[in-house]
Every structure is written in structure tokens, then in C-alpha cells.
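Source file: data-v4.txt (compact mmCIF, C-alpha atoms)
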# COMPACT_ATOMS: atom_id res chain seq x y z
CA MET A 1 -46.26 -72.82 -41.77
CA VAL A 2 -48.24 -74.77 -39.15
CA ALA A 3 -50.47 -77.35 -40.80
CA ASP A 4 -53.72 -76.05 -39.31
CA GLU A 5 -52.91 -72.35 -39.78
CA PRO A 6 -55.59 -70.71 -41.93
CA ARG A 7 -54.66 -69.16 -45.22
CA LEU A 8 -54.44 -65.39 -45.33
CA ARG A 9 -57.60 -63.72 -46.58
CA VAL A 10 -56.82 -61.56 -49.61
CA ALA A 11 -58.59 -59.40 -52.14
CA VAL A 12 -57.56 -58.46 -55.66
CA LEU A 13 -58.59 -54.96 -56.71
CA GLY A 14 -58.56 -54.75 -60.50
CA ALA A 15 -59.68 -57.38 -62.99
CA GLY A 16 -57.49 -56.63 -65.99
CA LEU A 17 -54.54 -58.64 -67.30
CA VAL A 18 -52.53 -58.17 -64.11
CA GLY A 19 -55.41 -58.79 -61.74
CA ILE A 20 -56.57 -62.05 -63.27
CA ASP A 21 -53.06 -63.48 -63.42
CA LEU A 22 -52.73 -62.53 -59.75
CA VAL A 23 -55.85 -64.53 -58.98
CA ASP A 24 -54.36 -67.51 -60.79
CA LYS A 25 -51.06 -67.25 -58.88
CA ILE A 26 -52.76 -66.80 -55.52
CA ARG A 27 -54.82 -69.93 -56.16
CA ARG A 28 -51.55 -71.87 -56.35
CA SER A 29 -50.27 -70.44 -53.05
CA ALA A 30 -50.46 -72.60 -49.93
CA LYS A 31 -50.70 -69.49 -47.75
CA LEU A 32 -53.24 -67.25 -49.48
CA ASN A 33 -56.94 -67.44 -50.22
CA VAL A 34 -58.79 -65.19 -52.69
CA ALA A 35 -61.85 -63.92 -50.83
CA LEU A 36 -62.83 -61.20 -53.32
CA VAL A 37 -62.02 -59.96 -56.81
CA ALA A 38 -63.25 -56.40 -57.31
CA GLY A 39 -63.44 -54.38 -60.49
CA ARG A 40 -65.65 -51.63 -61.88
CA ASP A 41 -67.41 -53.37 -64.76
CA ARG A 42 -69.42 -56.47 -63.94
CA ASP A 43 -69.43 -57.46 -67.61
CA SER A 44 -65.63 -57.33 -67.90
CA LEU A 45 -63.87 -60.44 -69.10
CA GLY A 46 -61.69 -60.47 -65.99
CA LEU A 47 -64.57 -60.56 -63.53
CA ARG A 48 -66.31 -63.22 -65.59
CA ARG A 49 -63.16 -65.35 -65.49
CA ALA A 50 -62.83 -64.87 -61.73
CA ALA A 51 -66.46 -65.92 -61.27
CA ASP A 52 -65.90 -68.96 -63.47
CA MET A 53 -63.02 -69.93 -61.16
CA GLY A 54 -65.47 -69.87 -58.26
CA HIS A 55 -64.48 -66.60 -56.60
CA THR A 56 -66.71 -63.93 -55.14
CA ILE A 57 -66.69 -60.91 -57.43
CA SER A 58 -67.92 -57.34 -57.26
CA ALA A 59 -68.10 -54.38 -59.62
CA GLY A 60 -68.01 -52.03 -56.63
CA GLY A 61 -64.29 -51.31 -56.75
CA ILE A 62 -62.58 -50.08 -53.57
CA ARG A 63 -65.90 -49.60 -51.75
CA ALA A 64 -66.66 -53.30 -52.18
CA VAL A 65 -63.23 -54.18 -50.76
CA VAL A 66 -63.76 -51.98 -47.71
CA ASP A 67 -67.27 -53.33 -47.13
CA ALA A 68 -66.15 -56.98 -47.40
CA GLY A 69 -63.05 -56.48 -45.26
CA PRO A 70 -60.93 -56.47 -43.35
CA PHE A 71 -58.47 -58.47 -45.43
CA ASP A 72 -54.97 -59.58 -44.50
CA VAL A 73 -53.75 -58.37 -47.90
CA VAL A 74 -55.20 -56.33 -50.74
CA PHE A 75 -53.45 -56.27 -54.11
CA ASP A 76 -53.98 -53.04 -56.06
CA ALA A 77 -53.81 -53.97 -59.75
CA THR A 78 -55.71 -50.92 -61.02
CA ASN A 79 -53.96 -47.68 -62.07
CA ALA A 80 -51.67 -45.06 -60.62
CA GLU A 81 -54.30 -42.33 -60.52
CA SER A 82 -56.60 -44.36 -58.25
CA HIS A 83 -54.06 -45.85 -55.86
CA ALA A 84 -53.82 -42.96 -53.38
CA GLU A 85 -57.58 -43.11 -52.93
CA HIS A 86 -57.40 -46.85 -52.35
CA TRP A 87 -54.72 -46.49 -49.66
CA ALA A 88 -56.72 -43.73 -47.96
CA ALA A 89 -59.74 -46.04 -47.83
CA LEU A 90 -57.77 -49.01 -46.47
CA ARG A 91 -55.25 -47.30 -44.16
CA ALA A 92 -57.40 -47.61 -41.03
CA THR A 93 -58.43 -51.23 -41.66
CA GLY A 94 -55.10 -52.86 -40.76
CA THR A 95 -54.80 -54.38 -44.23
CA THR A 96 -51.44 -54.76 -45.97
CA LEU A 97 -51.79 -53.05 -49.34
CA ILE A 98 -49.47 -54.20 -52.11
CA ASP A 99 -49.29 -51.67 -54.93
CA LEU A 100 -48.67 -53.01 -58.42
CA THR A 101 -49.26 -49.60 -60.00
CA PRO A 102 -46.36 -47.21 -60.67
CA THR A 103 -47.33 -44.56 -58.11
CA GLY A 104 -44.08 -44.42 -56.15
CA LEU A 105 -46.10 -44.40 -52.91
CA GLY A 106 -45.47 -46.73 -50.00
CA THR A 107 -42.34 -48.65 -49.03
CA VAL A 108 -40.50 -49.83 -52.13
CA ILE A 109 -39.73 -53.56 -52.03
CA VAL A 110 -37.75 -55.64 -54.54
CA PRO A 111 -37.45 -59.33 -53.61
CA GLY A 112 -33.86 -60.47 -53.44
CA VAL A 113 -32.69 -56.92 -52.72
CA ASN A 114 -34.46 -55.70 -49.60
CA SER A 115 -37.32 -58.13 -48.88
CA HIS A 116 -35.01 -60.13 -46.58
CA ARG A 117 -35.55 -57.47 -43.93
CA PRO A 118 -38.55 -57.95 -41.63
CA VAL A 119 -41.47 -56.50 -43.56
CA VAL A 120 -43.62 -54.64 -41.07
CA HIS A 121 -44.91 -51.89 -43.33
CA ARG A 122 -48.50 -52.15 -44.52
CA HIS A 123 -48.17 -50.10 -47.70
CA LEU A 124 -45.78 -51.82 -50.10
CA ASN A 125 -44.77 -50.57 -53.54
CA LEU A 126 -43.45 -52.85 -56.30
CA VAL A 127 -42.16 -50.04 -58.58
CA SER A 128 -42.91 -51.54 -62.02
CA CYS A 129 -42.28 -54.68 -64.03
CA GLY A 130 -39.16 -53.07 -65.48
CA GLY A 131 -38.01 -52.14 -61.99
CA GLN A 132 -38.51 -55.67 -60.72
CA ALA A 133 -36.51 -57.06 -63.64
CA SER A 134 -33.67 -54.52 -63.59
CA ILE A 135 -33.10 -53.45 -59.97
CA PRO A 136 -31.76 -56.80 -58.67
CA VAL A 137 -29.10 -56.73 -61.42
CA LEU A 138 -28.32 -53.04 -61.08
CA HIS A 139 -28.11 -53.27 -57.30
CA ALA A 140 -25.68 -56.16 -57.63
CA ILE A 141 -23.53 -54.11 -60.01
CA SER A 142 -23.56 -51.10 -57.69
CA LYS A 143 -22.07 -53.23 -54.90
CA ARG A 144 -19.04 -53.97 -57.07
CA CYS A 145 -18.35 -50.57 -58.66
CA THR A 146 -19.51 -46.95 -58.65
CA PRO A 147 -22.07 -46.27 -61.39
CA THR A 148 -22.11 -42.76 -62.85
CA TYR A 149 -24.90 -43.38 -65.39
CA VAL A 150 -27.60 -46.04 -65.69
CA GLU A 151 -29.84 -46.57 -68.70
CA VAL A 152 -32.69 -49.07 -68.76
CA VAL A 153 -34.76 -49.86 -71.85
CA SER A 154 -37.74 -52.17 -71.32
CA THR A 155 -39.35 -53.80 -74.34
CA GLY A 156 -42.58 -55.73 -74.01
CA ALA A 157 -45.23 -57.13 -76.28
CA SER A 158 -48.06 -54.73 -76.95
CA ALA A 159 -50.46 -57.59 -76.31
CA SER A 160 -49.30 -57.86 -72.68
CA ALA A 161 -49.89 -54.17 -71.90
CA GLY A 162 -53.43 -53.37 -70.80
CA ARG A 163 -55.14 -50.00 -70.80
CA ALA A 164 -53.92 -49.02 -67.31
CA THR A 165 -50.31 -49.78 -68.28
CA ARG A 166 -50.57 -47.55 -71.34
CA LEU A 167 -52.17 -44.72 -69.36
CA ASN A 168 -49.47 -44.94 -66.69
CA LEU A 169 -46.35 -44.89 -68.88
CA ASP A 170 -45.19 -41.49 -67.60
CA GLN A 171 -45.56 -42.64 -63.98
CA TYR A 172 -43.86 -45.91 -64.89
CA ILE A 173 -40.80 -44.06 -66.13
CA ALA A 174 -40.65 -41.64 -63.20
CA THR A 175 -41.18 -44.29 -60.52
CA THR A 176 -38.71 -46.74 -62.05
CA SER A 177 -36.08 -44.02 -62.40
CA ALA A 178 -36.47 -42.97 -58.77
CA ALA A 179 -36.21 -46.55 -57.52
CA ILE A 180 -33.08 -47.23 -59.58
CA GLN A 181 -31.52 -44.07 -58.17
CA ALA A 182 -32.33 -45.20 -54.64
CA PHE A 183 -31.02 -48.75 -55.02
CA THR A 184 -27.84 -47.91 -56.94
CA GLY A 185 -26.93 -44.49 -55.56
CA THR A 186 -26.77 -43.17 -59.14
CA ARG A 187 -28.23 -39.75 -59.82
CA ASP A 188 -28.02 -39.91 -63.62
CA VAL A 189 -30.65 -42.48 -64.65
CA LYS A 190 -32.54 -42.82 -67.94
CA VAL A 191 -35.53 -45.16 -68.32
CA MET A 192 -37.29 -45.89 -71.61
CA VAL A 193 -40.19 -48.16 -72.55
CA ASN A 194 -41.06 -49.79 -75.87
CA LEU A 195 -44.32 -51.62 -76.59
CA SER A 196 -43.78 -53.86 -79.60
CA PRO A 197 -46.68 -54.89 -81.87
CA ALA A 198 -44.46 -57.49 -83.58
CA ARG A 199 -45.83 -60.95 -84.40
CA PRO A 200 -45.01 -63.35 -82.98
CA ALA A 201 -45.07 -61.33 -79.76
CA PRO A 202 -41.56 -60.86 -78.32
CA PRO A 203 -40.69 -61.82 -74.74
CA PHE A 204 -40.22 -59.13 -72.13
CA ARG A 205 -36.66 -57.80 -72.26
CA VAL A 206 -34.80 -55.24 -70.20
CA ALA A 207 -31.55 -53.86 -71.61
CA MET A 208 -29.30 -52.18 -69.04
CA THR A 209 -26.27 -50.01 -69.67
CA VAL A 210 -24.11 -48.92 -66.76
CA LEU A 211 -21.20 -46.49 -66.98
CA ALA A 212 -19.05 -46.88 -63.90
CA ASP A 213 -15.70 -46.35 -62.29
CA GLY A 214 -13.67 -49.16 -60.76
CA ILE A 215 -15.10 -52.07 -62.76
CA CYS A 216 -13.53 -55.45 -61.98
CA PRO A 217 -15.05 -57.95 -64.44
CA ALA A 218 -14.95 -61.15 -62.38
CA PRO A 219 -16.72 -59.81 -59.26
CA VAL A 220 -19.30 -58.01 -61.41
CA ARG A 221 -20.13 -61.19 -63.32
CA THR A 222 -20.35 -63.19 -60.11
CA SER A 223 -22.72 -60.69 -58.50
CA ILE A 224 -24.98 -60.53 -61.56
CA ALA A 225 -25.18 -64.34 -61.69
CA ALA A 226 -26.15 -64.44 -58.00
CA ALA A 227 -28.81 -61.78 -58.53
CA ALA A 228 -30.28 -63.73 -61.46
CA ARG A 229 -30.46 -66.90 -59.36
CA ALA A 230 -32.28 -65.00 -56.60
CA VAL A 231 -34.90 -63.72 -59.05
CA ARG A 232 -35.37 -67.16 -60.62
CA ALA A 233 -36.29 -68.51 -57.17
CA TYR A 234 -39.69 -66.83 -57.56
CA THR A 235 -39.75 -66.06 -61.31
CA PRO A 236 -38.34 -69.15 -63.08
CA GLY A 237 -38.52 -67.50 -66.52
CA PHE A 238 -35.94 -64.82 -65.64
CA GLN A 239 -32.54 -65.10 -67.29
CA VAL A 240 -29.62 -62.93 -68.25
CA THR A 241 -29.24 -63.46 -71.99
CA SER A 242 -26.36 -61.08 -72.68
CA LEU A 243 -23.55 -59.65 -70.57
CA ALA A 244 -20.55 -57.57 -71.59
CA VAL A 245 -18.17 -56.12 -69.02
CA ASP A 246 -15.74 -53.63 -70.50
CA PRO A 247 -13.57 -50.87 -69.02
CA GLY A 248 -15.97 -48.18 -67.83
CA ARG A 249 -19.08 -49.89 -69.22
CA ILE A 250 -21.35 -52.82 -68.38
CA SER A 251 -24.11 -53.99 -70.73
CA VAL A 252 -26.71 -56.50 -69.56
CA VAL A 253 -29.86 -57.86 -71.16
CA ALA A 254 -32.38 -59.74 -69.02
CA GLN A 255 -35.34 -61.60 -70.45
CA VAL A 256 -38.46 -62.83 -68.66
CA THR A 257 -40.76 -65.44 -70.13
CA ALA A 258 -43.96 -66.38 -68.33
CA SER A 259 -44.02 -69.96 -67.16
CA GLY A 260 -47.06 -71.88 -66.01
CA GLY A 261 -50.54 -70.57 -65.39
CA ARG A 262 -52.70 -68.82 -67.95
CA LEU A 263 -50.20 -66.25 -69.23
CA PRO A 264 -48.69 -66.54 -72.72
CA ARG A 265 -44.90 -66.86 -72.67
CA HIS A 266 -44.38 -63.31 -73.92
CA ALA A 267 -46.13 -61.81 -70.84
CA GLY A 268 -43.04 -61.90 -68.66
CA SER A 269 -43.67 -58.33 -67.52
CA ILE A 270 -46.86 -59.44 -65.78
CA ASP A 271 -45.31 -62.65 -64.52
CA ILE A 272 -42.40 -61.04 -62.66
CA ILE A 273 -44.31 -58.31 -60.84
CA ASN A 274 -47.15 -60.65 -59.88
CA ALA A 275 -44.74 -63.31 -58.64
CA ALA A 276 -43.07 -60.65 -56.50
CA ALA A 277 -46.45 -59.51 -55.18
CA VAL A 278 -47.53 -63.00 -54.12
CA LEU A 279 -44.17 -63.64 -52.46
CA LEU A 280 -44.45 -60.40 -50.47
CA ALA A 281 -48.03 -61.18 -49.47
CA GLU A 282 -46.93 -64.48 -48.00
CA GLN A 283 -44.03 -62.85 -46.15
CA SER A 284 -45.38 -59.50 -45.01
CA ALA A 285 -48.87 -60.46 -43.88
CA ALA A 286 -47.54 -63.41 -41.90
CA ALA A 287 -44.93 -61.15 -40.23
CA SER A 288 -47.52 -58.55 -39.28
CA ARG A 289 -49.76 -60.99 -37.38
Please go through the file and, once you have read it, give me the structure as C-alpha cells.
Amino acid sequence: MVADEPRLRVAVLGAGLVGIDLVDKIRRSAKLNVALVAGRDRDSLGLRRAADMGHTISAGGIRAVVDAGPFDVVFDATNAESHAEHWAALRATGTTLIDLTPTGLGTVIVPGVNSHRPVVHRHLNLVSCGGQASIPVLHAISKRCTPTYVEVVSTGASASAGRATRLNLDQYIATTSAAIQAFTGTRDVKVMVNLSPARPAPPFRVAMTVLADGICPAPVRTSIAAAARAVRAYTPGFQVTSLAVDPGRISVVAQVTASGGRLPRHAGSIDIINAAAVLLAEQSAAASR
């Protein structure tokens, strides 16, 4: 990046758990500048925190974003039901919209899997936190064998799941399943989600089971290790904690702990999707100029 190049002007739409962590991550980026944080409730804790950090805030939602634009990037950290309306409002503005809701709309991007291609699309979809944690591993496996069945069980702390996440669980499952099918070529995919109220709060874990033909253990292990390293480049708390490669079956458990910033360690689900979003903002908006 040229030293005197201005930072990209971005807006965060949504001031819940995801939105406020996004603000915190963007503040640490050398390429992005938070110009607006928009929610719907001026008295919400998230907007108050954003204001305390010195950012311009609004309770006007998408209308405030449109009126204050255009932005280089808008992050949608609201809910699946509202996202289509948000894209319709921003489509003509030239903004790159990064969707952190599980709508399944837009061009699906998973860093380390397909973000190496020139990103010229302006409507980017990040699937889900479970998708971001599992797809790099599953894609790596699918390059080494032929999966016939994939099962993914995501377990996160109840404390790290906000209201929008709970309302969108059906969309989460459907969107994650479709993305796994697309990236692995497997038609038979099962996705499940558990929200654990346990204390202390457990870290975010994704357990993957793959039934496949033509499994060669050494290449599979090598590919999974490479995929994990690629994810750790932007989400340091990602690690594969368990791996078993048997004839016809591969079992993998990945764990994500939040590192740095304001998030508690158990909020790895928020950490990984927000880290992916910030990375894509830096890459895609710069490429589109």
C-alpha cells in the first residue's frame, strides 16, 4: 500500500456482538477507516460503545448508510431477513457489500479457498462462522479423496450468540450446507448447531466427519495441516485439535479461540467470520478501485 494512499471508507451496519467486534478489528486495520456505525436503537449498548470509541453513529439503519454514502465497503452484521433489502438499497451506489448474515446471497468467499482469485464482485457472502471454520478443511480433504457424506456439528457458547444468530439458525444450516456442497462436490451434507450454556463458556468447536472413497492418510493429513496454517494467517486462534484418518472415514475437530481485541476467548465464532470480513474488505475494495 502506498504510504499516502487514503484508507478505505467503510460503514458497519448492525451494532450487536458481531458489529461491535467488527468496529474493533477495523480500527486495527491499516487500510480501513470506520466512517459510520448504524443500528436501529440509539440506546443500544453497541451504538453507545461505538460512540465512546469516537465513531459517528446513527439509529437510522440502512437509510442512514445510504444517506451518508457512498462507502468503499459496507459490512452487513444484521440479520438474514433484512439483507436482501440492504443490498437492494446499496446496489446502485458502487459500494462493496460484505454479508455476514447467513442469507446465501452474493458471491460466496472463504479466505484460503477462493479469495486468492481477483475479487471484483461487489456483493460478497461469508456463509457463516461454521462455514468459515469448516470449509477450508473440508475443501482440502476433497482435493485428496472423493467424499460421499459430510457432517458438520458446530458448538458455540450461548453467550457468544446474539439475537440475530438465534433467529437465523435455520438459514445458517441451509446456507452452510449449500456452501459445503459447492466447495466439496458432495451432495449428501448434514449440518447441525449446538449453543451451549455451560459455565465456563466453551470455545467454538466444529466437528467434521467425512465418509469418502480413496483415502490416503498422508496426503490428507498434509492438506489439512496446510489449510489450518492458511486460516491461522488471519485467525490466529484457529487450530485442529483432533484428527483421525481411517479407511473410508475422516474425523476432524477444529477449535477457534478469540485472540486480542474485546472478545472473550470463547467467542471464536465471531472472531473467525469478522477476521475474514476485514481481510476481504482490504482485498476486494482495493481491487475494485
What are the closest atom pairs, with distances in Å to one decimal, for each residue of segment 111-182 of chain A lying within 9 Å of segment 267-282 of chain A, using all atoms listed in the file, rows by chain and rising residue number, as a Markdown table?
| residue | atom | partner | partner_atom | distance |
| --- | --- | --- | --- | --- |
| A:Pro111 | CA | A:Ala276 | CA | 6.5 |
| A:Ser115 | CA | A:Leu280 | CA | 7.6 |
| A:Val119 | CA | A:Leu280 | CA | 8.5 |
| A:Leu124 | CA | A:Leu280 | CA | 8.7 |
| A:Leu126 | CA | A:Ile273 | CA | 7.2 |
| A:Val127 | CA | A:Ile273 | CA | 8.8 |
| A:Ser128 | CA | A:Ile273 | CA | 7.0 |
| A:Cys129 | CA | A:Ser269 | CA | 5.2 |
| A:Gly130 | CA | A:Ser269 | CA | 7.2 |
| A:Gly131 | CA | A:Ile273 | CA | 8.9 |
| A:Gln132 | CA | A:Ile273 | CA | 6.4 |
| A:Ala133 | CA | A:Ile272 | CA | 7.2 |
| A:Gly156 | CA | A:Ser269 | CA | 7.1 |
| A:Ala157 | CA | A:Ala267 | CA | 7.2 |
| A:Ala159 | CA | A:Ala267 | CA | 8.2 |
| A:Ser160 | CA | A:Ala267 | CA | 5.4 |
| A:Ala161 | CA | A:Ala267 | CA | 8.6 |
Check: Hey, what's within 10 Å of segment 164-174 of chain A if we count all atoms listed in the file and toss same-chain stuff fewer than 2 positions away? As a PyMOL selection string, please?
Finding: chain A and resi 16-18+77-81+101-104+127-131+152+158+160-162+176-179+190-193+195
- Task: Using atom CA of Thr186 of chain A and atom CA of Val110 of chain A as the two end points, give the distance in Å to one decimal.
- Result: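 Taking atom CA of Thr186 of chain A as the start and atom CA of Val110 of chain A as the end point, the length is 17.2 Å.
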re atom CA of Ala68 of chain A and atom CA of Leu36 of chain A: distance 8.0 Å
| said: With distances taken over only C-alpha atoms, which residue among A:Arg48, A:Arg221, A:Arg205, A:Arg249 lies nearest Thr148 of chain A? | reply: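 The closest residue to Thr148 of chain A is A:Arg249.
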If I put a ball of radius 9 Å at (-61.7, -52.4, -57.1) in the file's coordinates, which residues poke into it when counting only C-alpha atoms, written as an MDAnalysis selection string? chainID A and resid 12:15 37:40 58:65 76:78 86
